file coords28.tsv (TSV, N, CA and C atoms)
chain	number	residue	atom	x	y	z
A	240	MET	N	46.10	-25.40	2.22
A	240	MET	CA	44.86	-25.85	1.63
A	240	MET	C	43.69	-25.68	2.61
A	241	LYS	N	43.88	-26.11	3.86
A	241	LYS	CA	42.82	-25.97	4.86
A	241	LYS	C	42.51	-24.51	5.13
A	242	SER	N	43.53	-23.64	5.17
A	242	SER	CA	43.28	-22.23	5.44
A	242	SER	C	42.47	-21.59	4.31
A	243	ALA	N	42.69	-22.00	3.08
A	243	ALA	CA	41.92	-21.47	1.95
A	243	ALA	C	40.46	-21.89	2.07
A	244	MET	N	40.21	-23.12	2.51
A	244	MET	CA	38.85	-23.59	2.68
A	244	MET	C	38.15	-22.83	3.81
A	245	VAL	N	38.88	-22.57	4.89
A	245	VAL	CA	38.32	-21.85	6.03
A	245	VAL	C	37.97	-20.42	5.60
A	246	ILE	N	38.87	-19.79	4.86
A	246	ILE	CA	38.61	-18.42	4.39
A	246	ILE	C	37.39	-18.40	3.47
A	247	CYS	N	37.31	-19.35	2.58
A	247	CYS	CA	36.18	-19.45	1.66
A	247	CYS	C	34.87	-19.64	2.43
A	248	LEU	N	34.90	-20.47	3.44
A	248	LEU	CA	33.73	-20.71	4.27
A	248	LEU	C	33.32	-19.45	5.01
A	249	LEU	N	34.28	-18.74	5.58
A	249	LEU	CA	33.98	-17.49	6.29
A	249	LEU	C	33.37	-16.44	5.36
A	250	VAL	N	33.94	-16.30	4.19
A	250	VAL	CA	33.41	-15.33	3.22
A	250	VAL	C	31.97	-15.71	2.84
A	251	SER	N	31.72	-16.99	2.64
A	251	SER	CA	30.38	-17.45	2.29
A	251	SER	C	29.38	-17.13	3.41
A	252	LEU	N	29.77	-17.36	4.64
A	252	LEU	CA	28.91	-17.06	5.77
A	252	LEU	C	28.61	-15.56	5.88
A	253	ILE	N	29.62	-14.76	5.69
A	253	ILE	CA	29.43	-13.30	5.77
A	253	ILE	C	28.49	-12.83	4.67
A	254	LEU	N	28.71	-13.29	3.46
A	254	LEU	CA	27.85	-12.88	2.34
A	254	LEU	C	26.41	-13.34	2.53
A	255	SER	N	26.23	-14.56	3.00
A	255	SER	CA	24.87	-15.06	3.18
A	255	SER	C	24.16	-14.33	4.31
A	256	SER	N	24.86	-13.96	5.37
A	256	SER	CA	24.22	-13.21	6.45
A	256	SER	C	23.85	-11.81	6.00
A	257	SER	N	24.67	-11.19	5.15
A	257	SER	CA	24.34	-9.87	4.61
A	257	SER	C	23.10	-9.94	3.74
A	258	PHE	N	22.99	-10.98	2.93
A	258	PHE	CA	21.83	-11.16	2.08
A	258	PHE	C	20.58	-11.35	2.93
A	259	PHE	N	20.69	-12.15	3.99
A	259	PHE	CA	19.54	-12.41	4.85
A	259	PHE	C	19.06	-11.14	5.51
A	260	GLU	N	19.98	-10.30	6.01
A	260	GLU	CA	19.59	-9.05	6.65
A	260	GLU	C	18.90	-8.14	5.65
A	261	GLY	N	19.40	-8.08	4.42
A	261	GLY	CA	18.78	-7.25	3.39
A	261	GLY	C	17.37	-7.72	3.07
A	262	SER	N	17.18	-9.02	3.02
A	262	SER	CA	15.86	-9.57	2.74
A	262	SER	C	14.89	-9.24	3.85
A	263	MET	N	15.34	-9.33	5.06
A	263	MET	CA	14.48	-9.04	6.19
A	263	MET	C	14.09	-7.57	6.22
A	264	SER	N	15.01	-6.67	5.96
A	264	SER	CA	14.68	-5.25	6.00
A	264	SER	C	13.70	-4.91	4.89
A	265	GLY	N	13.80	-5.58	3.73
A	265	GLY	CA	12.85	-5.36	2.66
A	265	GLY	C	11.45	-5.78	3.08
A	266	SER	N	11.35	-6.88	3.81
A	266	SER	CA	10.08	-7.35	4.30
A	266	SER	C	9.47	-6.36	5.28
A	267	ASP	N	10.29	-5.80	6.16
A	267	ASP	CA	9.81	-4.80	7.11
A	267	ASP	C	9.27	-3.58	6.37
A	268	SER	N	9.97	-3.18	5.32
A	268	SER	CA	9.55	-2.05	4.52
A	268	SER	C	8.21	-2.35	3.85
A	269	CYS	N	8.06	-3.54	3.31
A	269	CYS	CA	6.80	-3.93	2.69
A	269	CYS	C	5.67	-3.94	3.72
A	270	ASP	N	5.95	-4.44	4.90
A	270	ASP	CA	4.93	-4.48	5.95
A	270	ASP	C	4.41	-3.09	6.27
A	271	SER	N	5.32	-2.13	6.41
A	271	SER	CA	4.88	-0.78	6.76
A	271	SER	C	4.18	-0.10	5.58
A	272	LYS	N	4.70	-0.29	4.37
A	272	LYS	CA	4.06	0.31	3.19
A	272	LYS	C	2.67	-0.27	2.97
A	273	CYS	N	2.55	-1.59	3.09
A	273	CYS	CA	1.25	-2.23	2.89
A	273	CYS	C	0.29	-1.91	4.04
A	274	GLY	N	0.82	-1.73	5.23
A	274	GLY	CA	-0.02	-1.31	6.35
A	274	GLY	C	-0.69	0.01	6.06
A	275	MET	N	0.06	0.94	5.48
A	275	MET	CA	-0.50	2.24	5.10
A	275	MET	C	-1.47	2.07	3.94
A	276	ARG	N	-1.06	1.33	2.91
A	276	ARG	CA	-1.88	1.14	1.71
A	276	ARG	C	-3.23	0.51	2.06
A	277	CYS	N	-3.23	-0.42	3.00
A	277	CYS	CA	-4.44	-1.18	3.34
A	277	CYS	C	-5.17	-0.66	4.57
A	278	SER	N	-4.77	0.48	5.09
A	278	SER	CA	-5.33	0.98	6.35
A	278	SER	C	-6.84	1.22	6.28
A	279	LYS	N	-7.38	1.50	5.10
A	279	LYS	CA	-8.83	1.75	4.98
A	279	LYS	C	-9.56	0.63	4.23
A	280	ALA	N	-8.88	-0.48	3.99
A	280	ALA	CA	-9.48	-1.59	3.24
A	280	ALA	C	-10.59	-2.25	4.03
A	281	GLY	N	-11.63	-2.67	3.33
A	281	GLY	CA	-12.74	-3.36	3.97
A	281	GLY	C	-12.33	-4.74	4.46
A	282	ILE	N	-11.53	-5.43	3.68
A	282	ILE	CA	-11.03	-6.76	4.06
A	282	ILE	C	-9.52	-6.63	4.20
A	283	LYS	N	-9.11	-6.15	5.36
A	283	LYS	CA	-7.71	-5.76	5.58
A	283	LYS	C	-6.73	-6.92	5.45
A	284	ASP	N	-7.07	-8.09	5.96
A	284	ASP	CA	-6.11	-9.20	5.90
A	284	ASP	C	-5.84	-9.62	4.46
A	285	ARG	N	-6.85	-9.62	3.62
A	285	ARG	CA	-6.65	-9.96	2.21
A	285	ARG	C	-5.82	-8.88	1.50
A	286	CYS	N	-6.12	-7.62	1.78
A	286	CYS	CA	-5.36	-6.52	1.20
A	286	CYS	C	-3.89	-6.62	1.59
A	287	LEU	N	-3.61	-6.85	2.86
A	287	LEU	CA	-2.23	-6.97	3.33
A	287	LEU	C	-1.51	-8.14	2.68
A	288	LYS	N	-2.21	-9.26	2.51
A	288	LYS	CA	-1.60	-10.45	1.89
A	288	LYS	C	-1.17	-10.15	0.46
A	289	TYR	N	-2.09	-9.63	-0.34
A	289	TYR	CA	-1.79	-9.40	-1.76
A	289	TYR	C	-0.86	-8.22	-1.96
A	290	CYS	N	-0.99	-7.20	-1.16
A	290	CYS	CA	-0.07	-6.07	-1.24
A	290	CYS	C	1.34	-6.53	-0.91
A	291	GLY	N	1.48	-7.37	0.11
A	291	GLY	CA	2.79	-7.88	0.51
A	291	GLY	C	3.44	-8.71	-0.59
A	292	ILE	N	2.64	-9.56	-1.25
A	292	ILE	CA	3.17	-10.36	-2.35
A	292	ILE	C	3.68	-9.45	-3.45
A	293	CYS	N	2.89	-8.45	-3.79
A	293	CYS	CA	3.28	-7.53	-4.85
A	293	CYS	C	4.50	-6.71	-4.47
A	294	CYS	N	4.56	-6.25	-3.25
A	294	CYS	CA	5.69	-5.44	-2.79
A	294	CYS	C	6.99	-6.22	-2.92
A	295	VAL	N	6.98	-7.46	-2.53
A	295	VAL	CA	8.18	-8.28	-2.65
A	295	VAL	C	8.55	-8.47	-4.12
A	296	LYS	N	7.56	-8.71	-4.95
A	296	LYS	CA	7.80	-8.95	-6.37
A	296	LYS	C	8.23	-7.68	-7.11
A	297	CYS	N	7.57	-6.57	-6.82
A	297	CYS	CA	7.80	-5.32	-7.56
A	297	CYS	C	8.77	-4.36	-6.85
A	298	GLN	N	9.03	-4.58	-5.59
A	298	GLN	CA	9.89	-3.71	-4.79
A	298	GLN	C	9.33	-2.30	-4.66
A	299	CYS	N	8.01	-2.15	-4.75
A	299	CYS	CA	7.39	-0.85	-4.52
A	299	CYS	C	5.90	-1.04	-4.22
A	300	VAL	N	5.32	-0.02	-3.58
A	300	VAL	CA	3.90	0.03	-3.29
A	300	VAL	C	3.49	1.48	-3.52
A	301	PRO	N	2.39	1.70	-4.26
A	301	PRO	CA	1.94	3.08	-4.48
A	301	PRO	C	1.60	3.77	-3.14
A	302	SER	N	1.79	5.07	-3.09
A	302	SER	CA	1.49	5.82	-1.87
A	302	SER	C	-0.02	5.94	-1.68
A	303	GLY	N	-0.41	6.26	-0.48
A	303	GLY	CA	-1.82	6.46	-0.17
A	303	GLY	C	-2.58	5.16	-0.01
A	304	THR	N	-3.89	5.30	0.18
A	304	THR	CA	-4.73	4.13	0.41
A	304	THR	C	-5.47	3.69	-0.84
A	305	PHE	N	-5.40	4.49	-1.90
A	305	PHE	CA	-6.09	4.17	-3.14
A	305	PHE	C	-5.44	4.94	-4.30
A	306	GLY	N	-5.46	4.33	-5.49
A	306	GLY	CA	-4.94	5.02	-6.67
A	306	GLY	C	-3.42	5.13	-6.66
A	307	HIS	N	-2.89	6.14	-7.32
A	307	HIS	CA	-1.45	6.42	-7.42
A	307	HIS	C	-0.66	5.26	-7.99
A	308	LYS	N	-1.30	4.37	-8.75
A	308	LYS	CA	-0.60	3.18	-9.25
A	308	LYS	C	0.46	3.51	-10.30
A	309	ASP	N	0.41	4.72	-10.86
A	309	ASP	CA	1.45	5.12	-11.82
A	309	ASP	C	2.82	5.24	-11.14
A	310	GLU	N	2.84	5.36	-9.82
A	310	GLU	CA	4.11	5.43	-9.09
A	310	GLU	C	4.86	4.09	-9.14
A	311	CYS	N	4.14	3.02	-9.43
A	311	CYS	CA	4.74	1.68	-9.43
A	311	CYS	C	4.17	0.88	-10.61
A	312	PRO	N	4.78	1.03	-11.79
A	312	PRO	CA	4.25	0.36	-12.98
A	312	PRO	C	4.11	-1.16	-12.84
A	313	CYS	N	5.04	-1.81	-12.18
A	313	CYS	CA	4.95	-3.26	-11.98
A	313	CYS	C	3.67	-3.59	-11.23
A	314	TYR	N	3.40	-2.86	-10.18
A	314	TYR	CA	2.20	-3.03	-9.36
A	314	TYR	C	0.96	-2.77	-10.20
A	315	ARG	N	0.97	-1.69	-10.96
A	315	ARG	CA	-0.16	-1.26	-11.77
A	315	ARG	C	-0.49	-2.29	-12.86
A	316	ASP	N	0.53	-2.86	-13.48
A	316	ASP	CA	0.33	-3.70	-14.66
A	316	ASP	C	0.01	-5.16	-14.37
A	317	MET	N	0.09	-5.58	-13.13
A	317	MET	CA	-0.24	-6.96	-12.78
A	317	MET	C	-1.75	-7.15	-12.89
A	318	LYS	N	-2.16	-8.24	-13.58
A	318	LYS	CA	-3.58	-8.53	-13.75
A	318	LYS	C	-3.86	-9.96	-13.29
A	319	ASN	N	-5.09	-10.19	-12.80
A	319	ASN	CA	-5.47	-11.54	-12.42
A	319	ASN	C	-6.00	-12.28	-13.67
A	320	SER	N	-6.48	-13.49	-13.52
A	320	SER	CA	-6.93	-14.29	-14.67
A	320	SER	C	-8.14	-13.68	-15.36
A	321	LYS	N	-8.86	-12.80	-14.67
A	321	LYS	CA	-10.04	-12.14	-15.27
A	321	LYS	C	-9.67	-10.82	-15.95
A	322	GLY	N	-8.39	-10.47	-15.92
A	322	GLY	CA	-7.94	-9.23	-16.54
A	322	GLY	C	-8.13	-8.00	-15.65
A	323	GLU	N	-8.47	-8.23	-14.39
A	323	GLU	CA	-8.65	-7.14	-13.43
A	323	GLU	C	-7.35	-6.89	-12.70
A	324	PRO	N	-7.20	-5.69	-12.11
A	324	PRO	CA	-5.98	-5.41	-11.34
A	324	PRO	C	-5.78	-6.49	-10.27
A	325	LYS	N	-4.54	-6.97	-10.17
A	325	LYS	CA	-4.26	-8.06	-9.25
A	325	LYS	C	-4.11	-7.57	-7.81
A	326	TYR	N	-3.60	-6.36	-7.64
A	326	TYR	CA	-3.27	-5.88	-6.30
A	326	TYR	C	-4.07	-4.64	-5.94
A	327	PRO	N	-4.29	-4.43	-4.65
A	327	PRO	CA	-5.12	-3.30	-4.19
A	327	PRO	C	-4.47	-1.95	-4.39

call {"tool": "encode", "arguments": {"input": "coords28.tsv", "output": "structure tokens"}}
result
Amino acid sequence: MKSAMVICLLVSLILSSSFFEGSMSGSDSCDSKCGMRCSKAGIKDRCLKYCGICCVKCQCVPSGTFGHKDECPCYRDMKNSKGEPKYP
């Protein structure tokens, strides 16, 4: 009985650490993609903040510093309360 609990605990730890590593690498990817996307933004910190939120939510960021939103429909289709594009 104790050995089954230990095995279950070990498997849980391994799975949770794998999930954590995957989450972190996704964040690194978003950081680099948004860094490129926002490289010419007038208000860079705001661009990076909102681009990062969208990247995590949509799992993509359009290429380049402007436009190309068709590459990421989730990103393209997000609107703010005024009906304007939510992300840069």

call {"tool": "atom_distance", "arguments": {"input": "coords28.tsv", "atom1": "atom CA of Met275 of chain A", "atom2": "atom CA of Tyr289 of chain A"}}
result
13.6 Å

call {"tool": "atom_distance", "arguments": {"input": "coords28.tsv", "atom1": "atom CA of Tyr326 of chain A", "atom2": "atom CA of Asp267 of chain A"}}
result
18.8 Å

call {"tool": "atom_distance", "arguments": {"input": "coords28.tsv", "atom1": "atom N of Lys288 of chain A", "atom2": "atom CA of Asp309 of chain A"}}
result
20.6 Å

call {"tool": "closest_residue", "arguments": {"input": "coords28.tsv", "among": "A:Asn319, A:Thr304, A:Lys325, A:Cys311", "to": "Ala280 of chain A", "atoms": "all atoms listed in the file"}}
result
A:Thr304

call {"tool": "residues_around", "arguments": {"input": "coords28.tsv", "residues": "Gly303 of chain A", "least_positions_apart": "4", "cutoff": "9 Å", "atoms": "only C-alpha atoms", "output": "PDB file with N, CA and C atoms, keeping the file's coordinate frame"}}
result
ATOM      1  N   MET A 275       0.060   0.940   5.480  1.00  0.00           N
ATOM      2  CA  MET A 275      -0.500   2.240   5.100  1.00  0.00           C
ATOM      3  C   MET A 275      -1.470   2.070   3.940  1.00  0.00           C
ATOM      4  N   ARG A 276      -1.060   1.330   2.910  1.00  0.00           N
ATOM      5  CA  ARG A 276      -1.880   1.140   1.710  1.00  0.00           C
ATOM      6  C   ARG A 276      -3.230   0.510   2.060  1.00  0.00           C
ATOM      7  N   CYS A 277      -3.230  -0.420   3.000  1.00  0.00           N
ATOM      8  CA  CYS A 277      -4.440  -1.180   3.340  1.00  0.00           C
ATOM      9  C   CYS A 277      -5.170  -0.660   4.570  1.00  0.00           C
ATOM     10  N   HIS A 307      -2.890   6.140  -7.320  1.00  0.00           N
ATOM     11  CA  HIS A 307      -1.450   6.420  -7.420  1.00  0.00           C
ATOM     12  C   HIS A 307      -0.660   5.260  -7.990  1.00  0.00           C
TER      13      HIS A 307
END

call {"tool": "closest_residue", "arguments": {"input": "coords28.tsv", "among": "A:Ile292, A:Cys286, A:Cys273, A:Cys297", "to": "Tyr314 of chain A", "atoms": "all atoms listed in the file"}}
result
A:Cys297

call {"tool": "axis_aligned_box", "arguments": {"input": "coords28.tsv", "around": "segment 275-290 of chain A", "padding_each_side": "8 Å", "output": "AutoDock Vina command-line options"}}
result
--center_x -5.7 --center_y -4.1 --center_z 2.2 --size_x 30.1 --size_y 28.7 --size_z 24.3

call {"tool": "residues_around", "arguments": {"input": "coords28.tsv", "residues": "Cys299 of chain A", "least_positions_apart": "5", "cutoff": "8 Å", "atoms": "only N, CA and C atoms", "output": "list of chain:residue names"}}
result
A:Cys269, A:Lys272, A:Cys290, A:Cys293, A:Cys294, A:Glu310, A:Cys311, A:Pro312, A:Cys313, A:Tyr314

call {"tool": "closest_residue", "arguments": {"input": "coords28.tsv", "among": "A:Pro327, A:Gly291, A:Gly322, A:Gly281", "to": "Gly306 of chain A", "atoms": "only C-alpha atoms"}}
result
A:Pro327

call {"tool": "build_atoms", "arguments": {"input": "coords28.tsv", "residues": "segment 283-294 of chain A", "atoms": "all heavy atoms", "output": "PDB file, in the coordinates of the input"}}
result
ATOM      1  N   LYS A 283      -9.110  -6.150   5.360  1.00  0.00           N
ATOM      2  CA  LYS A 283      -7.710  -5.760   5.580  1.00  0.00           C
ATOM      3  C   LYS A 283      -6.730  -6.920   5.450  1.00  0.00           C
ATOM      4  O   LYS A 283      -5.668  -6.761   4.853  1.00  0.00           O
ATOM      5  CB  LYS A 283      -7.568  -5.108   6.959  1.00  0.00           C
ATOM      6  CG  LYS A 283      -6.275  -4.321   7.102  1.00  0.00           C
ATOM      7  CD  LYS A 283      -6.261  -3.503   8.364  1.00  0.00           C
ATOM      8  CE  LYS A 283      -7.218  -2.364   8.180  1.00  0.00           C
ATOM      9  NZ  LYS A 283      -7.101  -1.308   9.136  1.00  0.00           N
ATOM     10  N   ASP A 284      -7.070  -8.090   5.960  1.00  0.00           N
ATOM     11  CA  ASP A 284      -6.110  -9.200   5.900  1.00  0.00           C
ATOM     12  C   ASP A 284      -5.840  -9.620   4.460  1.00  0.00           C
ATOM     13  O   ASP A 284      -4.707  -9.910   4.082  1.00  0.00           O
ATOM     14  CB  ASP A 284      -6.549 -10.387   6.757  1.00  0.00           C
ATOM     15  CG  ASP A 284      -7.900 -10.960   6.360  1.00  0.00           C
ATOM     16  OD1 ASP A 284      -8.722 -10.222   5.773  1.00  0.00           O
ATOM     17  OD2 ASP A 284      -8.143 -12.145   6.652  1.00  0.00           O
ATOM     18  N   ARG A 285      -6.850  -9.620   3.620  1.00  0.00           N
ATOM     19  CA  ARG A 285      -6.650  -9.960   2.210  1.00  0.00           C
ATOM     20  C   ARG A 285      -5.820  -8.880   1.500  1.00  0.00           C
ATOM     21  O   ARG A 285      -4.923  -9.179   0.731  1.00  0.00           O
ATOM     22  CB  ARG A 285      -7.992 -10.120   1.494  1.00  0.00           C
ATOM     23  CG  ARG A 285      -7.807 -10.630   0.079  1.00  0.00           C
ATOM     24  CD  ARG A 285      -9.076 -10.760  -0.708  1.00  0.00           C
ATOM     25  NE  ARG A 285     -10.131 -11.461   0.004  1.00  0.00           N
ATOM     26  CZ  ARG A 285     -11.366 -11.554  -0.447  1.00  0.00           C
ATOM     27  NH1 ARG A 285     -11.713 -11.011  -1.593  1.00  0.00           N
ATOM     28  NH2 ARG A 285     -12.281 -12.197   0.240  1.00  0.00           N
ATOM     29  N   CYS A 286      -6.120  -7.620   1.780  1.00  0.00           N
ATOM     30  CA  CYS A 286      -5.360  -6.520   1.200  1.00  0.00           C
ATOM     31  C   CYS A 286      -3.890  -6.620   1.590  1.00  0.00           C
ATOM     32  O   CYS A 286      -3.002  -6.506   0.742  1.00  0.00           O
ATOM     33  CB  CYS A 286      -5.937  -5.177   1.674  1.00  0.00           C
ATOM     34  SG  CYS A 286      -5.095  -3.727   0.997  1.00  0.00           S
ATOM     35  N   LEU A 287      -3.610  -6.850   2.860  1.00  0.00           N
ATOM     36  CA  LEU A 287      -2.230  -6.970   3.330  1.00  0.00           C
ATOM     37  C   LEU A 287      -1.510  -8.140   2.680  1.00  0.00           C
ATOM     38  O   LEU A 287      -0.340  -8.029   2.307  1.00  0.00           O
ATOM     39  CB  LEU A 287      -2.190  -7.106   4.852  1.00  0.00           C
ATOM     40  CG  LEU A 287      -2.562  -5.859   5.638  1.00  0.00           C
ATOM     41  CD1 LEU A 287      -2.759  -6.201   7.113  1.00  0.00           C
ATOM     42  CD2 LEU A 287      -1.520  -4.775   5.462  1.00  0.00           C
ATOM     43  N   LYS A 288      -2.210  -9.260   2.510  1.00  0.00           N
ATOM     44  CA  LYS A 288      -1.600 -10.450   1.890  1.00  0.00           C
ATOM     45  C   LYS A 288      -1.170 -10.150   0.460  1.00  0.00           C
ATOM     46  O   LYS A 288      -0.020 -10.357   0.076  1.00  0.00           O
ATOM     47  CB  LYS A 288      -2.593 -11.606   1.906  1.00  0.00           C
ATOM     48  CG  LYS A 288      -2.090 -12.837   1.166  1.00  0.00           C
ATOM     49  CD  LYS A 288      -3.162 -13.916   1.126  1.00  0.00           C
ATOM     50  CE  LYS A 288      -2.704 -15.104   0.300  1.00  0.00           C
ATOM     51  NZ  LYS A 288      -3.747 -16.124   0.211  1.00  0.00           N
ATOM     52  N   TYR A 289      -2.090  -9.630  -0.340  1.00  0.00           N
ATOM     53  CA  TYR A 289      -1.790  -9.400  -1.760  1.00  0.00           C
ATOM     54  C   TYR A 289      -0.860  -8.220  -1.960  1.00  0.00           C
ATOM     55  O   TYR A 289       0.007  -8.251  -2.840  1.00  0.00           O
ATOM     56  CB  TYR A 289      -3.076  -9.260  -2.564  1.00  0.00           C
ATOM     57  CG  TYR A 289      -3.795 -10.586  -2.665  1.00  0.00           C
ATOM     58  CD1 TYR A 289      -5.011 -10.788  -2.038  1.00  0.00           C
ATOM     59  CD2 TYR A 289      -3.216 -11.644  -3.345  1.00  0.00           C
ATOM     60  CE1 TYR A 289      -5.650 -12.012  -2.110  1.00  0.00           C
ATOM     61  CE2 TYR A 289      -3.843 -12.877  -3.415  1.00  0.00           C
ATOM     62  CZ  TYR A 289      -5.059 -13.058  -2.798  1.00  0.00           C
ATOM     63  OH  TYR A 289      -5.686 -14.273  -2.859  1.00  0.00           O
ATOM     64  N   CYS A 290      -0.990  -7.200  -1.160  1.00  0.00           N
ATOM     65  CA  CYS A 290      -0.070  -6.070  -1.240  1.00  0.00           C
ATOM     66  C   CYS A 290       1.340  -6.530  -0.910  1.00  0.00           C
ATOM     67  O   CYS A 290       2.302  -6.155  -1.574  1.00  0.00           O
ATOM     68  CB  CYS A 290      -0.509  -4.967  -0.291  1.00  0.00           C
ATOM     69  SG  CYS A 290       0.591  -3.530  -0.286  1.00  0.00           S
ATOM     70  N   GLY A 291       1.480  -7.370   0.110  1.00  0.00           N
ATOM     71  CA  GLY A 291       2.790  -7.880   0.510  1.00  0.00           C
ATOM     72  C   GLY A 291       3.440  -8.710  -0.590  1.00  0.00           C
ATOM     73  O   GLY A 291       4.634  -8.593  -0.854  1.00  0.00           O
ATOM     74  N   ILE A 292       2.640  -9.560  -1.250  1.00  0.00           N
ATOM     75  CA  ILE A 292       3.170 -10.360  -2.350  1.00  0.00           C
ATOM     76  C   ILE A 292       3.680  -9.450  -3.450  1.00  0.00           C
ATOM     77  O   ILE A 292       4.775  -9.634  -3.982  1.00  0.00           O
ATOM     78  CB  ILE A 292       2.080 -11.320  -2.891  1.00  0.00           C
ATOM     79  CG1 ILE A 292       1.743 -12.395  -1.856  1.00  0.00           C
ATOM     80  CG2 ILE A 292       2.523 -11.944  -4.215  1.00  0.00           C
ATOM     81  CD1 ILE A 292       0.488 -13.194  -2.177  1.00  0.00           C
ATOM     82  N   CYS A 293       2.890  -8.450  -3.790  1.00  0.00           N
ATOM     83  CA  CYS A 293       3.280  -7.530  -4.850  1.00  0.00           C
ATOM     84  C   CYS A 293       4.500  -6.710  -4.470  1.00  0.00           C
ATOM     85  O   CYS A 293       5.398  -6.500  -5.278  1.00  0.00           O
ATOM     86  CB  CYS A 293       2.132  -6.581  -5.171  1.00  0.00           C
ATOM     87  SG  CYS A 293       2.525  -5.488  -6.524  1.00  0.00           S
ATOM     88  N   CYS A 294       4.560  -6.250  -3.250  1.00  0.00           N
ATOM     89  CA  CYS A 294       5.690  -5.440  -2.790  1.00  0.00           C
ATOM     90  C   CYS A 294       6.990  -6.220  -2.920  1.00  0.00           C
ATOM     91  O   CYS A 294       7.990  -5.684  -3.402  1.00  0.00           O
ATOM     92  CB  CYS A 294       5.474  -5.001  -1.351  1.00  0.00           C
ATOM     93  SG  CYS A 294       6.802  -3.986  -0.681  1.00  0.00           S
TER      94      CYS A 294
END
